[in-house]
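Asks: Pasting my_file39.tsv here (TSV, C-alpha atoms):
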chain	number	residue	atom	x	y	z
T	21	MET	CA	-3.09	-58.08	117.60
T	22	SER	CA	-1.08	-61.26	118.15
T	23	ARG	CA	1.14	-62.64	115.42
T	24	ILE	CA	0.92	-66.42	115.12
T	25	ILE	CA	4.03	-67.83	113.47
T	26	VAL	CA	4.71	-71.49	112.77
T	27	VAL	CA	8.40	-72.47	112.62
T	28	THR	CA	8.77	-75.35	110.20
T	29	SER	CA	11.05	-76.96	107.63
T	30	GLY	CA	9.97	-80.31	106.28
T	31	LYS	CA	13.32	-81.97	106.91
T	32	GLY	CA	14.26	-82.93	110.44
T	33	GLY	CA	17.53	-81.93	112.06
T	34	VAL	CA	17.87	-78.46	110.55
T	35	GLY	CA	17.41	-76.61	113.84
T	36	LYS	CA	13.69	-75.72	114.04
T	37	THR	CA	13.51	-76.10	117.81
T	38	THR	CA	16.77	-74.21	118.30
T	39	VAL	CA	15.38	-71.39	116.17
T	40	THR	CA	12.04	-71.38	118.03
T	41	SER	CA	13.64	-71.21	121.47
T	42	ASN	CA	16.20	-68.55	120.57
T	43	LEU	CA	13.82	-66.44	118.51
T	44	GLY	CA	11.28	-66.52	121.32
T	45	ALA	CA	13.95	-65.50	123.83
T	46	ALA	CA	15.20	-62.72	121.55
T	47	LEU	CA	11.69	-61.30	121.12
T	48	ALA	CA	11.12	-61.41	124.88
T	49	GLN	CA	14.45	-59.69	125.45
T	50	VAL	CA	13.36	-56.70	123.37
T	51	GLY	CA	10.15	-56.35	125.38
T	52	CYS	CA	7.60	-58.52	123.57
T	53	THR	CA	5.33	-61.02	125.29
T	54	VAL	CA	5.85	-64.43	123.70
T	55	ALA	CA	4.12	-67.81	124.02
T	56	LEU	CA	5.94	-70.82	122.60
T	57	ILE	CA	3.87	-73.87	121.68
T	58	ASP	CA	5.60	-77.21	121.30
T	59	ALA	CA	3.53	-78.95	118.62
T	60	ASP	CA	5.82	-81.98	118.41
T	61	PHE	CA	3.61	-84.39	120.35
T	62	GLY	CA	5.48	-87.53	121.37
T	63	LEU	CA	8.96	-86.07	120.85
T	64	ARG	CA	8.94	-82.78	122.73
T	65	ASN	CA	12.29	-81.01	123.06
T	66	LEU	CA	11.48	-77.31	123.37
T	67	ASP	CA	11.36	-77.57	127.18
T	68	LEU	CA	14.90	-79.00	127.19
T	69	LEU	CA	16.37	-76.26	125.02
T	70	LEU	CA	14.83	-73.65	127.30
T	71	GLY	CA	15.97	-75.43	130.46
T	72	LEU	CA	12.38	-75.73	131.68
T	73	GLU	CA	11.93	-79.50	131.64
T	74	GLU	CA	11.88	-79.80	135.45
T	75	ARG	CA	9.04	-77.30	135.71
T	76	VAL	CA	6.59	-79.00	133.33
T	77	VAL	CA	3.50	-80.15	135.25
T	78	TYR	CA	0.71	-80.00	132.67
T	79	THR	CA	0.75	-80.13	128.88
T	80	ALA	CA	-1.40	-78.96	125.99
T	81	LEU	CA	-3.27	-82.27	126.07
T	82	ASP	CA	-4.18	-81.76	129.72
T	83	VAL	CA	-5.67	-78.41	128.77
T	84	LEU	CA	-7.69	-79.93	125.95
T	85	ALA	CA	-8.89	-82.76	128.22
T	86	GLY	CA	-10.12	-80.23	130.76
T	87	GLU	CA	-7.70	-81.49	133.42
T	88	CYS	CA	-6.22	-78.03	133.97
T	89	ARG	CA	-6.65	-74.43	132.91
T	90	LEU	CA	-4.46	-73.03	130.13
T	91	ALA	CA	-2.73	-70.70	132.59
T	92	GLN	CA	-1.73	-73.68	134.74
T	93	ALA	CA	-0.02	-75.42	131.81
T	94	LEU	CA	2.05	-72.40	130.79
T	95	VAL	CA	5.62	-72.63	132.08
T	96	LYS	CA	7.13	-69.22	132.77
T	97	ASP	CA	10.79	-68.55	132.09
T	98	LYS	CA	12.06	-66.68	135.16
T	99	ARG	CA	15.08	-65.38	133.23
T	100	LEU	CA	12.98	-63.65	130.59
T	101	LYS	CA	9.90	-61.69	131.60
T	102	GLY	CA	7.12	-62.22	129.13
T	103	LEU	CA	8.23	-65.65	127.79
T	104	VAL	CA	6.11	-68.75	128.44
T	105	LEU	CA	6.06	-72.31	127.09
T	106	LEU	CA	3.08	-74.56	126.45
T	107	PRO	CA	4.67	-78.04	126.43
T	108	ALA	CA	3.63	-81.01	124.33
T	109	ALA	CA	2.92	-84.40	125.84
T	110	GLN	CA	5.75	-86.92	125.50
T	111	ASN	CA	3.67	-90.06	125.76
T	112	ARG	CA	1.20	-89.41	122.96
T	113	ASN	CA	1.40	-89.61	119.19
T	114	LYS	CA	0.92	-86.77	116.74
T	115	GLU	CA	-2.69	-87.81	116.10
T	116	SER	CA	-3.60	-87.00	119.72
T	117	VAL	CA	-4.42	-83.42	118.73
T	118	GLN	CA	-6.60	-82.23	115.89
T	119	PRO	CA	-6.23	-78.98	113.92
T	120	GLU	CA	-9.40	-77.50	115.45
T	121	GLN	CA	-8.00	-78.11	118.92
T	122	MET	CA	-4.77	-76.34	118.03
T	123	LYS	CA	-6.82	-73.39	116.80
T	124	LYS	CA	-8.72	-73.32	120.10
T	125	ILE	CA	-5.56	-73.23	122.22
T	126	THR	CA	-3.85	-70.68	120.02
T	127	SER	CA	-6.90	-68.44	119.99
T	128	ALA	CA	-6.93	-68.43	123.80
T	129	LEU	CA	-3.26	-67.38	123.87
T	130	THR	CA	-3.82	-64.43	121.52
T	131	LYS	CA	-5.50	-62.58	124.37
T	132	GLY	CA	-2.27	-62.22	126.31
T	133	TYR	CA	0.74	-62.41	124.00
T	134	ASP	CA	2.24	-60.34	121.19
T	135	TYR	CA	3.80	-63.36	119.49
T	136	ILE	CA	2.84	-67.02	119.44
T	137	LEU	CA	5.58	-69.23	117.99
T	138	ILE	CA	4.59	-72.80	117.13
T	139	ASP	CA	7.41	-75.36	116.91
T	140	SER	CA	6.36	-77.76	114.17
T	141	PRO	CA	7.47	-81.41	114.06
T	142	ALA	CA	9.50	-82.65	111.11
T	143	GLY	CA	7.73	-84.00	108.06
T	144	ILE	CA	4.46	-83.08	106.38
T	145	GLU	CA	2.10	-85.52	108.07
T	146	MET	CA	-0.58	-84.94	110.72
T	147	GLY	CA	1.77	-83.21	113.17
T	148	PHE	CA	2.61	-80.63	110.53
T	149	ARG	CA	-1.07	-80.13	109.71
T	150	ASN	CA	-1.82	-79.49	113.38
T	151	ALA	CA	1.06	-77.04	113.75
T	152	ILE	CA	0.05	-74.87	110.79
T	153	ALA	CA	-3.69	-74.93	111.47
T	154	ALA	CA	-3.82	-71.70	113.47
T	155	ALA	CA	-0.83	-69.93	111.95
T	156	THR	CA	-1.07	-66.77	109.87
T	157	GLU	CA	2.67	-66.55	109.18
T	158	SER	CA	5.55	-68.97	108.84
T	159	VAL	CA	9.29	-69.03	109.31
T	160	ILE	CA	10.94	-71.71	107.20
T	161	VAL	CA	14.23	-73.06	108.54
T	162	THR	CA	16.71	-74.72	106.23
T	163	THR	CA	20.38	-75.53	106.18
T	164	PRO	CA	22.40	-74.88	102.99
T	165	GLU	CA	22.10	-78.50	101.85
T	166	VAL	CA	20.31	-79.78	98.76
T	167	ALA	CA	17.98	-82.17	100.61
T	168	ALA	CA	16.99	-79.57	103.22
T	169	VAL	CA	16.35	-76.91	100.57
T	170	ARG	CA	14.25	-79.29	98.48
T	171	ASP	CA	12.11	-80.19	101.51
T	172	ALA	CA	11.76	-76.51	102.41
T	173	ASP	CA	10.50	-75.82	98.88
T	174	ARG	CA	7.89	-78.54	99.25
T	175	VAL	CA	6.72	-77.09	102.59
T	176	ILE	CA	6.47	-73.59	101.15
T	177	GLY	CA	4.06	-74.96	98.54
T	178	LEU	CA	1.97	-76.68	101.22
T	179	LEU	CA	1.82	-73.53	103.34
T	180	GLU	CA	0.68	-71.44	100.38
T	181	ALA	CA	-1.97	-74.03	99.54
T	182	GLU	CA	-3.31	-73.60	103.10
T	183	GLY	CA	-3.51	-69.83	102.71
T	184	ILE	CA	-0.30	-68.94	104.58
T	185	HIS	CA	1.51	-66.52	102.28
T	186	ASN	CA	3.53	-64.48	104.78
T	187	ILE	CA	6.55	-66.81	104.69
T	188	ARG	CA	10.10	-65.87	105.63
T	189	LEU	CA	13.32	-67.82	105.51
T	190	ILE	CA	16.06	-68.52	108.04
T	191	ILE	CA	19.20	-70.20	106.71
T	192	ASN	CA	20.83	-72.03	109.60
T	193	ARG	CA	24.31	-73.47	110.20
T	194	VAL	CA	26.09	-71.51	107.51
T	195	ARG	CA	29.88	-71.98	107.35
T	196	PRO	CA	31.39	-68.98	105.53
T	197	GLU	CA	34.73	-70.68	104.89
T	198	MET	CA	32.98	-73.60	103.15
T	199	VAL	CA	30.86	-71.22	101.08
T	200	GLN	CA	34.03	-69.41	99.94
T	201	THR	CA	35.58	-72.67	98.73
T	202	ASN	CA	32.33	-73.78	97.00
T	203	LYS	CA	31.86	-76.68	99.41
T	204	MET	CA	28.55	-75.34	100.68
T	205	MET	CA	25.60	-73.61	99.05
T	206	SER	CA	25.69	-69.84	99.45
T	207	VAL	CA	22.84	-67.74	100.83
T	208	GLU	CA	22.25	-66.48	97.30
T	209	ASP	CA	22.00	-70.07	95.99
T	210	VAL	CA	19.33	-70.92	98.56
T	211	LEU	CA	17.36	-67.72	97.94
T	212	GLU	CA	17.34	-68.35	94.20
T	213	LEU	CA	15.84	-71.81	94.74
T	214	LEU	CA	13.25	-70.90	97.37
T	215	ALA	CA	12.27	-67.36	96.33
T	216	VAL	CA	10.91	-66.26	99.72
T	217	PRO	CA	12.11	-63.25	101.75
T	218	LEU	CA	15.16	-63.80	103.93
T	219	VAL	CA	14.77	-62.84	107.59
T	220	GLY	CA	18.03	-64.23	108.96
T	221	VAL	CA	21.24	-66.17	108.47
T	222	VAL	CA	22.64	-68.07	111.46
T	223	PRO	CA	26.27	-69.26	111.35
T	224	ASP	CA	27.35	-72.69	112.50
T	225	ASP	CA	28.96	-72.37	115.92
T	226	GLU	CA	29.86	-74.78	118.71
T	227	LYS	CA	28.30	-72.33	121.20
T	228	VAL	CA	24.89	-73.36	119.85
T	229	ILE	CA	25.56	-76.94	121.00
T	230	VAL	CA	26.85	-75.75	124.38
T	231	ALA	CA	23.80	-73.53	124.93
T	232	THR	CA	21.44	-76.32	123.86
T	233	ASN	CA	22.99	-78.77	126.32
T	234	LYS	CA	22.79	-76.19	129.11
T	235	GLY	CA	19.16	-75.31	128.37
T	236	GLU	CA	20.11	-71.67	127.95
T	237	PRO	CA	19.05	-69.56	124.95
T	238	LEU	CA	22.05	-67.98	123.24
T	239	VAL	CA	20.72	-64.46	123.62
T	240	ILE	CA	20.94	-64.64	127.42
T	241	ALA	CA	24.29	-66.46	127.57
T	242	GLU	CA	27.23	-64.47	128.92
T	243	ASP	CA	29.57	-65.38	126.06
T	244	TYR	CA	29.29	-63.24	122.93
T	245	SER	CA	28.43	-65.25	119.84
T	246	LEU	CA	27.49	-64.52	116.27
T	247	PRO	CA	24.44	-66.82	116.43
T	248	ALA	CA	23.12	-64.81	119.42
T	249	LEU	CA	23.51	-61.58	117.45
T	250	SER	CA	21.84	-63.23	114.44
T	251	PHE	CA	18.76	-64.18	116.49
T	252	THR	CA	18.54	-60.71	118.00
T	253	ASN	CA	18.63	-59.23	114.49
T	254	ILE	CA	15.97	-61.66	113.28
T	255	ALA	CA	13.69	-60.61	116.15
T	256	ARG	CA	14.20	-56.96	115.22
T	257	ARG	CA	13.46	-57.65	111.54
T	258	LEU	CA	10.24	-59.47	112.46
T	259	GLN	CA	9.19	-56.29	114.25
T	260	GLY	CA	9.74	-54.30	111.10
T	261	GLU	CA	13.16	-52.80	111.76
T	262	LYS	CA	15.59	-52.38	108.88
T	263	VAL	CA	18.59	-54.33	110.16
T	264	PRO	CA	21.54	-55.02	107.83
T	265	PHE	CA	22.57	-58.64	107.40
T	266	LEU	CA	25.90	-59.59	108.94
T	267	ASP	CA	28.92	-60.26	106.77
T	268	LEU	CA	29.66	-63.58	108.45
T	269	MET	CA	33.13	-63.98	106.96
T	270	ALA	CA	34.18	-60.51	108.09
T	271	GLU	CA	32.68	-61.03	111.55
T	272	GLN	CA	34.47	-64.36	111.89
T	273	ASN	CA	37.77	-62.74	110.94
T	274	ASN	CA	37.17	-59.95	113.48
T	275	ILE	CA	36.67	-62.50	116.24
T	276	LEU	CA	39.87	-64.33	115.27
T	277	THR	CA	41.76	-61.03	115.28
T	278	ARG	CA	40.49	-60.24	118.80
T	279	ILE	CA	41.50	-63.69	120.02
T	280	ARG	CA	45.01	-63.30	118.58
T	281	ARG	CA	45.36	-59.93	120.32
T	282	ILE	CA	44.29	-61.41	123.65
T	283	PHE	CA	46.79	-64.25	123.42
T	284	GLY	CA	49.51	-62.25	121.71
T	285	GLY	CA	49.28	-64.16	118.44
Now, as a test, write the supplied structure out as structure tokens.
Replies:
Amino acid sequence: MSRIIVVTSGKGGVGKTTVTSNLGAALAQVGCTVALIDADFGLRNLDLLLGLEERVVYTALDVLAGECRLAQALVKDKRLKGLVLLPAAQNRNKESVQPEQMKKITSALTKGYDYILIDSPAGIEMGFRNAIAAATESVIVTTPEVAAVRDADRVIGLLEAEGIHNIRLIINRVRPEMVQTNKMMSVEDVLELLAVPLVGVVPDDEKVIVATNKGEPLVIAEDYSLPALSFTNIARRLQGEKVPFLDLMAEQNNILTRIRRIFGG
């Protein structure tokens, strides 16, 4: 049975689309079949982060309008067997799709994919309502900032009101050195405020920006990175594996030690 997971946050700019693309790639890498739905109509970016923008011919709206079959709109990622993208239309607003239509598309995808990840737009307006309409689970993405955490708390309440109770948390862009000096909220601080199960912590890293600009998910990049390992671990946890959480400060120190050895420092 397919798992339909909406990736959301409330606040914009916390990394929802980065999480969706990398989590989808990580699940595909461990052998799952994954369909990614870009539900951000009018401001689609998921195709860019996956490096698939040049291959988009049809969108979800074309499917709903009967202008193409669903299979024709799905963009396959040649680097990752089992990963496909259903793009959003760039030239339409968020009211172009209704919740019942999202349910129809998602239901059709459940016949062929283990996971369906829906990339929700920012905010809690119509776009958000569309994105959550078909979901049975949610991954909330927040950064360790007061405004982001407050918005995440609001979204958790909205999800529960809509009957989505299987909610897990990803804390993104954590800087261990700032946490140690009390300049950033700790993972424990965020968990105390939100009170939902933690599924992953992703450190802040310039390699995320590089990978985003290249249209290459971190998990298939050649350079080792802690964020790539974090997403792989999140994918494993979603599948039910008991995977220990990384000690980000210790891992960061290990990397620095290896660099010093390489350069004789």
Asks: Which of these residues is nearest to Ala109 of chain T, using only C-alpha atoms: T:Ile152, T:Ile57, T:Ala168, T:Val26?
Replies: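 Among the listed residues, the smallest separation from Ala109 of chain T belongs to T:Ile57.
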Asks: Just checking: using all atoms listed in the file, which residue out of T:Val219, T:Glu87, T:Gly44, T:Pro107 ends up closest to Arg75 of chain T?
Replies: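 Closest to Arg75 of chain T of all the choices is T:Pro107.
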Asks: Point out the residue among T:Ile136, T:Val50, T:Ala59, T:Leu105 with the least atom-to-atom distance to Val77 of chain T, counting only C-alpha atoms.
Replies: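 Closest residue, counting only C-alpha atoms: T:Leu105.
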Asks: So, with all atoms listed in the file as the atoms that count, which of T:Ala151, T:Leu213, T:Met198, T:Met204 lies closest to Met269 of chain T?
Replies: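 Nearest candidate to Met269 of chain T out of T:Ala151, T:Leu213, T:Met198, T:Met204: T:Met198.
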Asks: Place a sphere of radius 7 Å on (9.0, -70.1, 128.4) in the file coordinates and name every protein, DNA or RNA residue with an atom inside or on its surface, counting all atoms listed in the file; give the answer as a list in words.
Replies: Ala55, Leu56, Leu70, Val95, Lys96, Asp97, Leu103, Val104 and Leu105 of chain T
Asks: Just write the chosen residues, C-alpha atoms, as a PDB file, keeping the file's coordinate frame.
Replies:
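Printed below is part-v3.pdb as written:
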ATOM      1  CA  ALA T  55       4.120 -67.810 124.020  1.00  0.00           C
ATOM      2  CA  LEU T  56       5.940 -70.820 122.600  1.00  0.00           C
ATOM      3  CA  LEU T  70      14.830 -73.650 127.300  1.00  0.00           C
ATOM      4  CA  VAL T  95       5.620 -72.630 132.080  1.00  0.00           C
ATOM      5  CA  LYS T  96       7.130 -69.220 132.770  1.00  0.00           C
ATOM      6  CA  ASP T  97      10.790 -68.550 132.090  1.00  0.00           C
ATOM      7  CA  LEU T 103       8.230 -65.650 127.790  1.00  0.00           C
ATOM      8  CA  VAL T 104       6.110 -68.750 128.440  1.00  0.00           C
ATOM      9  CA  LEU T 105       6.060 -72.310 127.090  1.00  0.00           C
TER      10      LEU T 105
END
Asks: Once you add 8 Å to each side, what are the centre and edge lengths of the axis-aligned box holding all listed atoms of segment 38-51 of chain T? One decimal in Å, as AutoDock Vina command-line options, if you can.
Replies:
--center_x 13.5 --center_y -65.3 --center_z 120.8 --size_x 22.6 --size_y 33.9 --size_z 25.3
Asks: Quick one: of T:Ala255, T:Asp60, T:Val34, T:Pro196, who's nearest to Asp267 of chain T, counting only C-alpha atoms?
Replies: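 Among the listed residues, the smallest separation from Asp267 of chain T belongs to T:Pro196.
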Asks: So, with only C-alpha atoms as the atoms that count, which of T:Lys124, T:Arg89, T:His185, T:Lys36 lies closest to Ala154 of chain T?
Replies: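 Distance minimum relative to Ala154 of chain T lands on T:Lys124.
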